[in-house]
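Raw coords.txt, compact mmCIF, C-alpha atoms and all ligand atoms:
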# COMPACT_ATOMS: atom_id res chain seq x y z
CA MET Y 1 0.00 0.00 0.00
CA LYS Y 2 1.32 3.43 -0.98
CA HIS Y 3 2.39 5.67 1.94
CA HIS Y 4 1.58 9.40 1.68
CA VAL Y 5 2.77 12.30 3.81
CA ILE Y 6 0.23 15.11 3.63
CA THR Y 7 0.48 18.61 5.11
CA LEU Y 8 -2.50 19.31 7.38
CA ILE Y 9 -3.37 22.91 8.24
CA PRO Y 10 -6.35 23.08 10.63
CA GLY Y 11 -6.76 26.88 10.21
CA ASP Y 12 -8.86 28.96 12.61
CA GLY Y 13 -12.53 29.76 13.33
CA ILE Y 14 -14.46 26.56 12.47
CA GLY Y 15 -11.32 25.20 10.75
CA PRO Y 16 -10.06 22.92 13.56
CA GLU Y 17 -13.50 21.28 14.04
CA ILE Y 18 -14.08 20.47 10.38
CA THR Y 19 -10.43 19.37 10.05
CA GLU Y 20 -10.81 16.90 12.93
CA ALA Y 21 -14.00 15.53 11.35
CA THR Y 22 -12.29 15.22 7.97
CA VAL Y 23 -9.20 13.44 9.33
CA LYS Y 24 -11.51 10.98 11.10
CA VAL Y 25 -13.36 9.99 7.91
CA VAL Y 26 -10.23 9.89 5.73
CA GLU Y 27 -8.50 7.59 8.22
CA ALA Y 28 -11.59 5.36 8.38
CA THR Y 29 -11.14 4.53 4.68
CA GLY Y 30 -7.84 2.81 5.52
CA VAL Y 31 -5.71 4.92 3.17
CA ASN Y 32 -2.10 5.08 4.34
CA ILE Y 33 -1.63 8.76 5.19
CA GLU Y 34 0.78 10.33 7.67
CA TRP Y 35 -0.27 13.89 8.54
CA ASP Y 36 2.37 16.59 8.85
CA THR Y 37 0.36 19.07 10.95
CA VAL Y 38 1.38 22.75 10.83
CA ASN Y 39 -0.87 25.69 11.47
CA ALA Y 40 -1.46 29.21 10.22
CA GLY Y 41 -4.01 31.88 11.07
CA THR Y 42 -5.15 33.93 14.04
CA GLN Y 43 -4.16 31.49 16.82
CA VAL Y 44 -0.62 31.27 15.45
CA TYR Y 45 -0.52 35.07 15.15
CA ARG Y 46 -1.33 35.45 18.85
CA LYS Y 47 1.61 33.19 19.82
CA GLU Y 48 4.19 33.97 17.16
CA GLY Y 49 3.31 37.36 15.68
CA THR Y 50 2.87 35.96 12.18
CA VAL Y 51 -0.19 34.42 10.54
CA LEU Y 52 1.86 32.38 8.10
CA PRO Y 53 5.03 30.83 9.62
CA ASP Y 54 7.75 29.62 7.23
CA ARG Y 55 7.26 26.01 8.37
CA VAL Y 56 3.84 25.91 6.66
CA ILE Y 57 5.30 26.80 3.27
CA LYS Y 58 8.30 24.49 3.88
CA SER Y 59 6.02 21.57 4.73
CA LEU Y 60 3.95 22.06 1.57
CA LYS Y 61 7.07 22.39 -0.59
CA LYS Y 62 8.38 19.14 0.90
CA ASN Y 63 5.17 17.06 0.88
CA LYS Y 64 3.70 18.56 -2.34
CA VAL Y 65 0.12 17.90 -1.16
CA GLY Y 66 -1.88 19.50 1.64
CA ILE Y 67 -5.36 20.05 2.97
CA LYS Y 68 -6.39 23.07 5.00
CA GLY Y 69 -9.22 24.44 7.06
CA PRO Y 70 -10.31 28.02 6.42
CA ILE Y 71 -8.27 30.94 7.75
CA THR Y 72 -9.72 34.28 8.81
CA THR Y 73 -8.43 37.20 6.79
CA PRO Y 74 -6.41 39.09 9.40
CA VAL Y 75 -6.71 42.82 9.94
CA GLY Y 76 -3.50 44.78 10.48
CA THR Y 77 -0.95 41.95 10.16
CA GLY Y 78 0.58 43.00 6.86
CA PHE Y 79 -1.27 40.28 4.93
CA ARG Y 80 -4.08 41.08 2.52
CA SER Y 81 -5.16 37.44 2.86
CA VAL Y 82 -3.22 34.41 4.13
CA ASN Y 83 -4.96 32.29 1.54
CA VAL Y 84 -3.97 34.54 -1.35
CA ALA Y 85 -0.40 34.76 0.04
CA MET Y 86 -0.10 30.96 0.17
CA ARG Y 87 -1.35 30.58 -3.38
CA LYS Y 88 1.20 33.14 -4.56
CA LEU Y 89 4.15 31.76 -2.57
CA LEU Y 90 3.50 28.22 -3.80
CA GLY Y 91 2.55 29.10 -7.39
CA LEU Y 92 -0.91 27.51 -7.02
CA TYR Y 93 -2.26 29.03 -10.22
CA ALA Y 94 -5.39 26.91 -10.66
CA CYS Y 95 -8.39 26.83 -8.36
CA VAL Y 96 -10.63 23.85 -9.08
CA ARG Y 97 -14.14 23.84 -7.64
CA PRO Y 98 -16.45 21.01 -8.61
CA CYS Y 99 -20.14 21.76 -7.95
CA LYS Y 100 -22.18 18.60 -7.93
CA SER Y 101 -25.74 17.86 -6.77
CA TYR Y 102 -26.07 15.41 -3.88
CA GLN Y 103 -29.51 14.03 -3.18
CA GLY Y 104 -30.71 15.33 0.19
CA VAL Y 105 -29.10 18.76 -0.11
CA LYS Y 106 -31.73 21.46 -0.46
CA SER Y 107 -31.41 23.16 -3.84
CA ARG Y 108 -33.56 24.52 -6.64
CA TYR Y 109 -31.76 22.16 -9.05
CA SER Y 110 -30.83 18.51 -9.28
CA ASN Y 111 -28.28 16.71 -11.49
CA ILE Y 112 -25.79 19.56 -11.59
CA ASP Y 113 -22.25 18.53 -12.32
CA LEU Y 114 -20.09 21.54 -13.08
CA VAL Y 115 -16.38 22.17 -12.56
CA ILE Y 116 -15.23 25.76 -12.15
CA ILE Y 117 -11.56 26.35 -12.95
CA ARG Y 118 -10.41 29.77 -11.80
CA GLU Y 119 -7.10 31.48 -12.55
CA ASN Y 120 -5.54 32.22 -9.18
CA THR Y 121 -2.61 34.59 -9.66
CA GLU Y 122 -3.48 37.66 -11.71
CA ASP Y 123 -6.41 39.86 -12.80
CA LEU Y 124 -7.84 42.36 -10.28
CA TYR Y 125 -6.49 40.14 -7.47
CA ALA Y 126 -2.88 40.98 -8.35
CA GLY Y 127 -3.01 43.47 -5.47
CA ILE Y 128 -1.85 46.46 -7.55
CA GLU Y 129 -3.89 49.31 -6.18
CA PHE Y 130 -3.70 53.07 -6.03
CA LYS Y 131 -5.39 54.79 -3.10
CA LYS Y 132 -7.61 57.83 -3.61
CA GLY Y 133 -5.75 61.09 -3.06
CA GLU Y 134 -2.19 59.71 -2.93
CA MET Y 135 0.56 61.30 -4.98
CA GLU Y 136 1.23 58.18 -7.08
CA THR Y 137 -2.50 57.93 -7.86
CA GLU Y 138 -2.47 61.50 -9.08
CA GLU Y 139 0.61 60.71 -11.20
CA LEU Y 140 -1.15 57.69 -12.70
CA ILE Y 141 -4.26 59.76 -13.46
CA ASN Y 142 -2.08 62.36 -15.21
CA PHE Y 143 -0.20 59.64 -17.12
CA ILE Y 144 -3.48 58.15 -18.37
CA LYS Y 145 -4.78 61.57 -19.36
CA GLU Y 146 -1.60 62.23 -21.33
CA LYS Y 147 -1.29 58.85 -23.04
CA LYS Y 148 -4.91 57.88 -23.56
CA ASP Y 149 -6.61 61.23 -23.65
CA THR Y 150 -9.00 59.92 -20.99
CA ARG Y 151 -10.00 61.79 -17.86
CA ILE Y 152 -10.26 59.86 -14.60
CA ARG Y 153 -11.89 61.77 -11.74
CA SER Y 154 -9.24 63.08 -9.33
CA ASP Y 155 -11.09 61.55 -6.36
CA SER Y 156 -10.77 58.00 -7.76
CA GLY Y 157 -9.13 54.89 -6.32
CA ILE Y 158 -7.67 52.56 -8.96
CA SER Y 159 -7.13 48.77 -9.11
CA ILE Y 160 -5.08 47.31 -11.96
CA LYS Y 161 -6.18 44.26 -13.94
CA PRO Y 162 -3.22 42.44 -15.52
CA ILE Y 163 -3.91 39.35 -17.65
CA SER Y 164 -0.95 37.71 -19.37
CA VAL Y 165 -0.47 35.18 -22.15
CA THR Y 166 1.56 33.04 -19.70
CA GLY Y 167 -1.10 33.09 -16.95
CA SER Y 168 -3.91 32.47 -19.43
CA GLU Y 169 -2.07 29.65 -21.19
CA ASN Y 170 -1.31 27.93 -17.88
CA ILE Y 171 -4.91 27.95 -16.66
CA ILE Y 172 -6.53 27.17 -20.02
CA ARG Y 173 -4.19 24.25 -20.69
CA PHE Y 174 -4.88 23.06 -17.13
CA ALA Y 175 -8.65 23.16 -17.85
CA PHE Y 176 -8.32 21.07 -21.02
CA GLU Y 177 -5.98 18.58 -19.35
CA TYR Y 178 -8.42 18.33 -16.42
CA ALA Y 179 -11.30 17.72 -18.86
CA ARG Y 180 -9.35 15.00 -20.64
CA LYS Y 181 -8.24 13.26 -17.44
CA ASN Y 182 -11.73 13.36 -15.90
CA ASN Y 183 -13.69 12.32 -19.01
CA ARG Y 184 -15.34 15.70 -19.40
CA LYS Y 185 -16.77 16.69 -22.77
CA LYS Y 186 -16.60 20.47 -22.98
CA VAL Y 187 -14.64 23.51 -21.75
CA THR Y 188 -16.32 26.94 -21.77
CA ALA Y 189 -14.20 30.10 -21.44
CA VAL Y 190 -15.89 32.99 -19.63
CA HIS Y 191 -14.86 36.62 -20.24
CA LYS Y 192 -15.91 40.16 -21.06
CA ALA Y 193 -13.74 40.49 -24.15
CA ASN Y 194 -16.23 42.76 -25.90
CA ILE Y 195 -15.44 45.51 -23.38
CA MET Y 196 -11.94 44.69 -22.01
CA LYS Y 197 -10.27 43.92 -25.30
CA TYR Y 198 -6.67 43.87 -24.09
CA SER Y 199 -7.13 41.83 -20.90
CA ASP Y 200 -10.19 39.57 -21.35
CA GLY Y 201 -9.67 39.79 -25.12
CA LEU Y 202 -6.19 38.33 -24.65
CA PHE Y 203 -7.58 35.57 -22.42
CA LEU Y 204 -10.07 34.66 -25.16
CA GLU Y 205 -7.42 34.75 -27.88
CA VAL Y 206 -5.22 32.36 -25.88
CA PHE Y 207 -8.25 30.14 -25.18
CA LYS Y 208 -8.97 29.74 -28.91
CA LYS Y 209 -5.34 28.89 -29.62
CA VAL Y 210 -5.08 26.30 -26.84
CA ALA Y 211 -8.54 24.83 -27.62
CA SER Y 212 -7.44 24.12 -31.20
CA LYS Y 213 -4.88 21.64 -29.82
CA TYR Y 214 -7.55 19.60 -27.98
CA ASP Y 215 -9.87 18.42 -30.73
CA ASP Y 216 -11.22 15.60 -28.51
CA ILE Y 217 -12.79 18.22 -26.18
CA GLU Y 218 -15.55 20.58 -27.29
CA SER Y 219 -14.86 24.27 -26.66
CA GLU Y 220 -16.94 27.45 -26.62
CA ASP Y 221 -16.96 30.84 -24.91
CA ARG Y 222 -19.52 32.96 -23.12
CA ILE Y 223 -19.63 36.56 -21.96
CA ILE Y 224 -19.72 36.68 -18.15
CA ASP Y 225 -23.12 38.39 -17.76
CA ASN Y 226 -24.77 35.99 -20.22
CA MET Y 227 -23.01 33.07 -18.47
CA CYS Y 228 -24.57 34.04 -15.13
CA MET Y 229 -28.02 34.06 -16.66
CA GLN Y 230 -27.47 30.75 -18.45
CA LEU Y 231 -26.16 29.09 -15.27
CA VAL Y 232 -29.37 30.06 -13.51
CA GLN Y 233 -31.63 29.04 -16.42
CA LYS Y 234 -29.95 25.95 -17.86
CA PRO Y 235 -26.91 24.87 -15.85
CA GLU Y 236 -27.13 21.36 -17.33
CA LEU Y 237 -25.71 22.70 -20.62
CA TYR Y 238 -22.30 23.33 -19.01
CA ASP Y 239 -19.46 21.08 -18.00
CA VAL Y 240 -16.01 22.62 -17.26
CA LEU Y 241 -15.77 26.43 -17.08
CA VAL Y 242 -12.44 28.27 -17.19
CA LEU Y 243 -12.34 31.86 -15.96
CA PRO Y 244 -9.97 34.69 -15.03
CA ASN Y 245 -9.61 35.29 -11.29
CA LEU Y 246 -12.46 37.69 -10.42
CA TYR Y 247 -15.18 36.08 -12.56
CA GLY Y 248 -13.97 32.70 -11.27
CA ASP Y 249 -14.43 33.84 -7.69
CA ILE Y 250 -17.97 35.07 -8.29
CA VAL Y 251 -19.10 32.18 -10.50
CA SER Y 252 -17.72 29.62 -8.00
CA ASP Y 253 -20.09 30.95 -5.37
CA LEU Y 254 -22.94 31.12 -7.89
CA ALA Y 255 -22.33 27.47 -8.81
CA ALA Y 256 -22.06 26.53 -5.11
CA GLY Y 257 -25.50 28.14 -4.71
CA LEU Y 258 -26.88 25.95 -7.50
CA VAL Y 259 -25.97 22.80 -5.59
CA GLY Y 260 -27.07 23.92 -2.14
CA GLY Y 261 -24.56 26.43 -0.82
CA LEU Y 262 -21.09 26.81 0.63
CA GLY Y 263 -21.52 24.00 3.15
CA VAL Y 264 -21.13 21.43 0.34
CA ALA Y 265 -18.62 23.16 -2.00
CA PRO Y 266 -15.10 21.69 -2.03
CA GLY Y 267 -12.00 23.02 -3.78
CA GLY Y 268 -8.36 22.58 -4.64
CA ASN Y 269 -5.59 25.07 -5.40
CA ILE Y 270 -3.17 23.45 -7.76
CA GLY Y 271 0.25 24.41 -9.14
CA LYS Y 272 2.87 22.70 -11.29
CA ASP Y 273 3.92 20.31 -8.52
CA ILE Y 274 2.04 21.33 -5.33
CA ALA Y 275 -1.68 21.02 -4.53
CA LEU Y 276 -3.58 22.38 -1.55
CA PHE Y 277 -7.20 21.37 -0.97
CA GLU Y 278 -9.79 23.37 0.99
CA SER Y 279 -13.48 24.11 1.19
CA THR Y 280 -14.84 27.15 -0.65
CA HIS Y 281 -16.35 28.61 2.53
CA GLY Y 282 -14.50 30.70 5.09
CA SER Y 283 -13.83 30.40 8.81
CA ALA Y 284 -17.41 31.36 9.90
CA PRO Y 285 -16.05 32.78 13.20
CA LYS Y 286 -19.51 33.12 14.77
CA TYR Y 287 -19.82 29.30 14.86
CA LYS Y 288 -16.30 28.65 16.19
CA GLY Y 289 -16.05 25.92 18.83
CA GLN Y 290 -19.77 25.06 18.77
CA ASN Y 291 -19.53 21.66 17.03
CA LYS Y 292 -22.31 22.92 14.77
CA VAL Y 293 -21.16 23.51 11.20
CA ASN Y 294 -21.29 21.21 8.22
CA PRO Y 295 -17.98 19.43 7.53
CA THR Y 296 -19.09 18.20 4.05
CA ALA Y 297 -17.17 20.79 2.01
CA MET Y 298 -13.87 19.90 3.68
CA MET Y 299 -14.62 16.16 3.50
CA LEU Y 300 -15.33 16.51 -0.24
CA SER Y 301 -12.07 18.48 -0.55
CA ALA Y 302 -10.40 15.40 0.96
CA VAL Y 303 -12.10 13.32 -1.75
CA LEU Y 304 -10.48 15.59 -4.37
CA MET Y 305 -7.16 15.20 -2.55
CA LEU Y 306 -7.43 11.39 -2.59
CA ARG Y 307 -8.13 11.51 -6.34
CA HIS Y 308 -5.13 13.81 -6.79
CA ILE Y 309 -2.80 11.34 -5.03
CA GLU Y 310 -4.31 8.60 -7.20
CA GLU Y 311 -6.14 6.79 -4.43
CA LYS Y 312 -9.32 6.50 -6.50
CA ASN Y 313 -10.84 3.60 -4.55
CA TYR Y 314 -10.53 5.39 -1.21
CA ALA Y 315 -11.88 8.58 -2.81
CA ASP Y 316 -14.93 6.73 -4.17
CA LEU Y 317 -15.49 5.00 -0.82
CA LEU Y 318 -15.41 8.30 1.07
CA GLU Y 319 -17.58 10.18 -1.44
CA SER Y 320 -20.23 7.43 -1.43
CA ALA Y 321 -20.33 7.37 2.38
CA ILE Y 322 -20.77 11.17 2.58
CA ALA Y 323 -23.44 11.09 -0.17
CA GLU Y 324 -25.34 8.26 1.52
CA ASN Y 325 -25.31 10.00 4.89
CA ILE Y 326 -26.67 13.19 3.32
CA ARG Y 327 -29.26 11.28 1.27
CA GLU Y 328 -30.57 9.59 4.42
CA GLY Y 329 -30.67 12.99 6.14
CA LYS Y 330 -30.69 11.65 9.70
CA TYR Y 331 -27.22 12.42 11.04
CA VAL Y 332 -26.70 15.76 9.33
CA THR Y 333 -26.00 19.30 10.52
CA TYR Y 334 -28.68 22.00 10.86
CA ASP Y 335 -28.09 23.45 7.38
CA LEU Y 336 -28.96 20.11 5.73
CA LYS Y 337 -32.22 19.69 7.64
CA PRO Y 338 -35.52 20.93 6.13
CA HIS Y 339 -35.60 23.67 8.81
CA ARG Y 340 -32.53 25.33 10.31
CA ASP Y 341 -33.88 24.99 13.88
CA ASP Y 342 -34.63 21.26 13.49
CA PRO Y 343 -33.92 19.70 16.93
CA THR Y 344 -32.75 16.43 15.32
CA ALA Y 345 -29.74 18.12 13.66
CA VAL Y 346 -26.44 16.67 14.80
CA GLY Y 347 -23.08 18.36 15.35
CA THR Y 348 -19.93 18.33 13.20
CA SER Y 349 -18.36 15.36 15.01
CA GLU Y 350 -21.57 13.25 15.00
CA PHE Y 351 -21.85 13.84 11.25
CA ALA Y 352 -18.30 12.48 10.93
CA ASP Y 353 -19.15 9.45 13.10
CA ALA Y 354 -22.11 8.64 10.85
CA VAL Y 355 -19.87 8.81 7.76
CA VAL Y 356 -17.31 6.55 9.47
CA LYS Y 357 -20.08 4.00 10.10
CA LYS Y 358 -21.04 4.05 6.40
CA ILE Y 359 -17.40 3.53 5.41
CA LYS Y 360 -17.02 0.59 7.79
CA LYS Y 361 -20.29 -0.93 6.56
CA ALA Y 362 -19.20 -0.62 2.92
CA GLY Y 363 -15.86 -2.23 3.76
CA SER Y 364 -17.28 -5.17 5.77
P1 LIG T 401 -17.87 32.24 5.59
O1 LIG T 401 -17.87 31.29 4.45
O2 LIG T 401 -16.91 31.97 6.67
O3 LIG T 401 -19.31 32.30 6.24
C1 LIG T 401 -20.45 32.79 5.59
C2 LIG T 401 -21.69 32.09 6.18
O4 LIG T 401 -21.78 30.83 5.53
C3 LIG T 401 -21.54 31.78 7.66
O5 LIG T 401 -22.12 32.76 8.47
C4 LIG T 401 -22.35 30.51 7.79
O6 LIG T 401 -23.71 30.82 7.96
C5 LIG T 401 -22.20 29.85 6.46
N1 LIG T 401 -21.23 28.77 6.48
C6 LIG T 401 -19.94 28.81 6.08
N2 LIG T 401 -19.38 27.61 6.22
C7 LIG T 401 -20.31 26.79 6.72
C8 LIG T 401 -20.34 25.41 7.10
N3 LIG T 401 -19.27 24.65 6.96
N4 LIG T 401 -21.47 24.91 7.61
C9 LIG T 401 -22.56 25.66 7.74
N5 LIG T 401 -22.61 26.96 7.41
C10 LIG T 401 -21.51 27.52 6.90
O7 LIG T 401 -17.62 33.70 4.95
P2 LIG T 401 -17.28 35.07 5.66
O8 LIG T 401 -18.11 35.24 6.91
O9 LIG T 401 -17.37 36.05 4.58
O10 LIG T 401 -15.74 34.93 6.03
C11 LIG T 401 -15.26 34.66 7.35
C12 LIG T 401 -13.74 34.72 7.31
O11 LIG T 401 -13.23 33.65 6.51
C13 LIG T 401 -13.20 36.01 6.68
O12 LIG T 401 -12.09 36.44 7.41
C14 LIG T 401 -12.81 35.57 5.28
O13 LIG T 401 -11.80 36.37 4.72
C15 LIG T 401 -12.31 34.17 5.55
N6 LIG T 401 -12.32 33.29 4.35
C16 LIG T 401 -11.35 32.36 4.29
C17 LIG T 401 -11.34 31.48 3.21
C18 LIG T 401 -10.26 30.44 3.15
O14 LIG T 401 -9.63 30.15 4.15
N7 LIG T 401 -10.00 29.88 1.99
C19 LIG T 401 -12.33 31.53 2.25
C20 LIG T 401 -13.35 32.48 2.37
C21 LIG T 401 -13.34 33.36 3.44

Encoded form using structure tokens:
Amino acid sequence: MKHHVITLIPGDGIGPEITEATVKVVEATGVNIEWDTVNAGTQVYRKEGTVLPDRVIKSLKKNKVGIKGPITTPVGTGFRSVNVAMRKLLGLYACVRPCKSYQGVKSRYSNIDLVIIRENTEDLYAGIEFKKGEMETEELINFIKEKKDTRIRSDSGISIKPISVTGSENIIRFAFEYARKNNRKKVTAVHKANIMKYSDGLFLEVFKKVASKYDDIESEDRIIDNMCMQLVQKPELYDVLVLPNLYGDIVSDLAAGLVGGLGVAPGGNIGKDIALFESTHGSAPKYKGQNKVNPTAMMLSAVLMLRHIEEKNYADLLESAIAENIREGKYVTYDLKPHRDDPTAVGTSEFADAVVKKIKKAGS
């Protein structure tokens, strides 16, 4: 049996609770994993004065695969977001978020099976910003007026949107390779190239070039506003979507909403040789320590992780056990019950115990 060393980052807020639940169900499958536990986030900041100690990055660089709980975006620690910093430091350029319907999860739709692939390193998230009223902002406004004959109001703040051929090629090729490896039929590029000709237009140009090399996979493109409407009206027409960073962020949440919300939306941040899996939702600090929240999104992120390390049988076993527990609807958290104040709702750890029982039953 293959032995894997995986970096485990419990995070903060509800992170440690859903991490404990996830470790429990992964271990119940019998997969041979040794956890290298390192933490980041607010608790670490209180003790060490940094939210992201070097050992976290070192561990991920060494082990190549990790899974993490959510981390609260800190205020006043010099980090815009720990999550964004980690993705940048490790070159995790692709964010993969499958959105799949599970029977028993409340949703307006059934039979949804979409994969959102979001570029993770550039676009409006590059962090290049000019604050209203600062000298450099004024200089930029004057530069634009001179070069483009365009007036920007002097009381403006400005965020820059870089999109490169390299970044676009990386993510678009990743999307087609993902489609091929996972027996998907179609990749749809999402953009606003009709308005932003030199950024989104470039993304679309690269998409068409890369798509021409994958004639076994269908390709098409949609303008972002039209895409949002189509996803609400006929989501079944779509398969794999590839998007620049900002649209990817928004459409991931939209697609999570189609399948029942953030509680069931897993994800992975993937680079050339390192992958870090995590739920789409955040640290929900108001529920911290209450053994209340739904661990499904992190458990499904573990399923993606098991697939990534080529432990398909364990991944299938875990996914089926989670799906069966949700379908039965007995040992599930408040958000998966017909009413949020349902007294029969169980806590995070009892949900995990019920999944463990399903795994054991399937294995016996
Ligand atoms: P959130 O996802 O933490 O919570 C939004 C709401 O969704 C919560 O109030 C809760 O009702 C619900 N929710 C979230 N997860 C749930 C679960 N597992 N089970 C049941 N209900 C759940 O979003 P937020 O409040 O905007 O962010 C809180 C913090 O998390 C912020 O600091 C944010 O920056 C951070 N964040 C971190 C990550 C990450 O670590 N990757 C991602 C998103 C947000």

> Between atom CA of Y:Gly201 and atom CA of Y:Ile171, what is the spacing in Å?
Replying inline: 15.3 Å

>> Can you tell me which residues surround stretch 221-229 of chain Y at a distance of at most 7 Å, considering all atoms listed in the file, apart from same-chain residues fewer than 5 positions away, and format the answer as a ChimeraX atom specification?
In response: /Y:188-192

I'd like a table as a Markdown table: residues in chain Y with an atom no more than 9 Å from ligand LIG 401 (chain T), each row giving the shortest atom pair and its distance in Å to one decimal, only C-alpha atoms and all ligand atoms counted, sorted by chain and rising residue number.
| residue | atom | partner | partner_atom | distance |
| --- | --- | --- | --- | --- |
| Y:Gly11 | CA | T:LIG401 | O14 | 7.5 |
| Y:Asp12 | CA | T:LIG401 | O14 | 8.6 |
| Y:Gly13 | CA | T:LIG401 | O11 | 7.9 |
| Y:Ile14 | CA | T:LIG401 | N3 | 7.6 |
| Y:Gly15 | CA | T:LIG401 | O14 | 8.4 |
| Y:Ile18 | CA | T:LIG401 | N3 | 7.5 |
| Y:Lys68 | CA | T:LIG401 | O14 | 7.8 |
| Y:Gly69 | CA | T:LIG401 | O14 | 6.4 |
| Y:Pro70 | CA | T:LIG401 | O14 | 3.2 |
| Y:Ile71 | CA | T:LIG401 | O14 | 3.9 |
| Y:Thr72 | CA | T:LIG401 | O12 | 3.5 |
| Y:Thr73 | CA | T:LIG401 | O12 | 3.8 |
| Y:Pro74 | CA | T:LIG401 | O12 | 6.6 |
| Y:Val75 | CA | T:LIG401 | O12 | 8.7 |
| Y:Ser81 | CA | T:LIG401 | O13 | 7.0 |
| Y:Val82 | CA | T:LIG401 | O14 | 7.7 |
| Y:Asn83 | CA | T:LIG401 | N7 | 5.6 |
| Y:Val84 | CA | T:LIG401 | N7 | 8.3 |
| Y:Gly261 | CA | T:LIG401 | O4 | 8.2 |
| Y:Leu262 | CA | T:LIG401 | N2 | 5.9 |
| Y:Gly263 | CA | T:LIG401 | C8 | 4.4 |
| Y:Val264 | CA | T:LIG401 | N3 | 7.6 |
| Y:Glu278 | CA | T:LIG401 | N7 | 6.6 |
| Y:Ser279 | CA | T:LIG401 | N7 | 6.8 |
| Y:Thr280 | CA | T:LIG401 | C19 | 5.8 |
| Y:His281 | CA | T:LIG401 | O1 | 3.6 |
| Y:Gly282 | CA | T:LIG401 | O2 | 3.1 |
| Y:Ser283 | CA | T:LIG401 | O11 | 4.0 |
| Y:Ala284 | CA | T:LIG401 | O2 | 3.3 |
| Y:Pro285 | CA | T:LIG401 | C11 | 6.2 |
| Y:Lys286 | CA | T:LIG401 | O5 | 6.8 |
| Y:Tyr287 | CA | T:LIG401 | C4 | 7.6 |
| Y:Lys292 | CA | T:LIG401 | N4 | 7.5 |
| Y:Val293 | CA | T:LIG401 | N4 | 3.9 |
| Y:Asn294 | CA | T:LIG401 | N4 | 3.8 |
| Y:Pro295 | CA | T:LIG401 | N3 | 5.4 |
| Y:Thr296 | CA | T:LIG401 | N3 | 7.1 |
| Y:Ala297 | CA | T:LIG401 | N3 | 6.6 |
| Y:Met298 | CA | T:LIG401 | N3 | 7.9 |
| Y:Thr333 | CA | T:LIG401 | C9 | 7.7 |
| Y:Tyr334 | CA | T:LIG401 | C9 | 7.8 |
| Y:Asp335 | CA | T:LIG401 | C9 | 6.0 |
| Y:Leu336 | CA | T:LIG401 | C9 | 8.7 |
| Y:Thr348 | CA | T:LIG401 | N4 | 8.8 |

>> Applying 6 Å and all atoms listed in the file, which residues near Y:Asn120 remain after dropping the ones on its own chain fewer than 4 positions away? List them as a PyMOL selection string.
In response: chain Y and resi 93-94+245

>> My list of candidates is Y:Glu177, Y:Asp341, Y:Glu34, Y:Asp123. Which is closest to Y:Val65 when distances are computed with all atoms listed in the file?
In response: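 Among the listed residues, the smallest separation from Y:Val65 belongs to Y:Glu34.
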
> Which neighbours of Y:Lys186 fall inside 7 Å, counting all atoms listed in the file, when residues of the same chain fewer than 4 positions from it are skipped, and could you give them as JSON, numbers by chain?
Replying inline: {"Y": [217, 218, 219, 239, 240]}
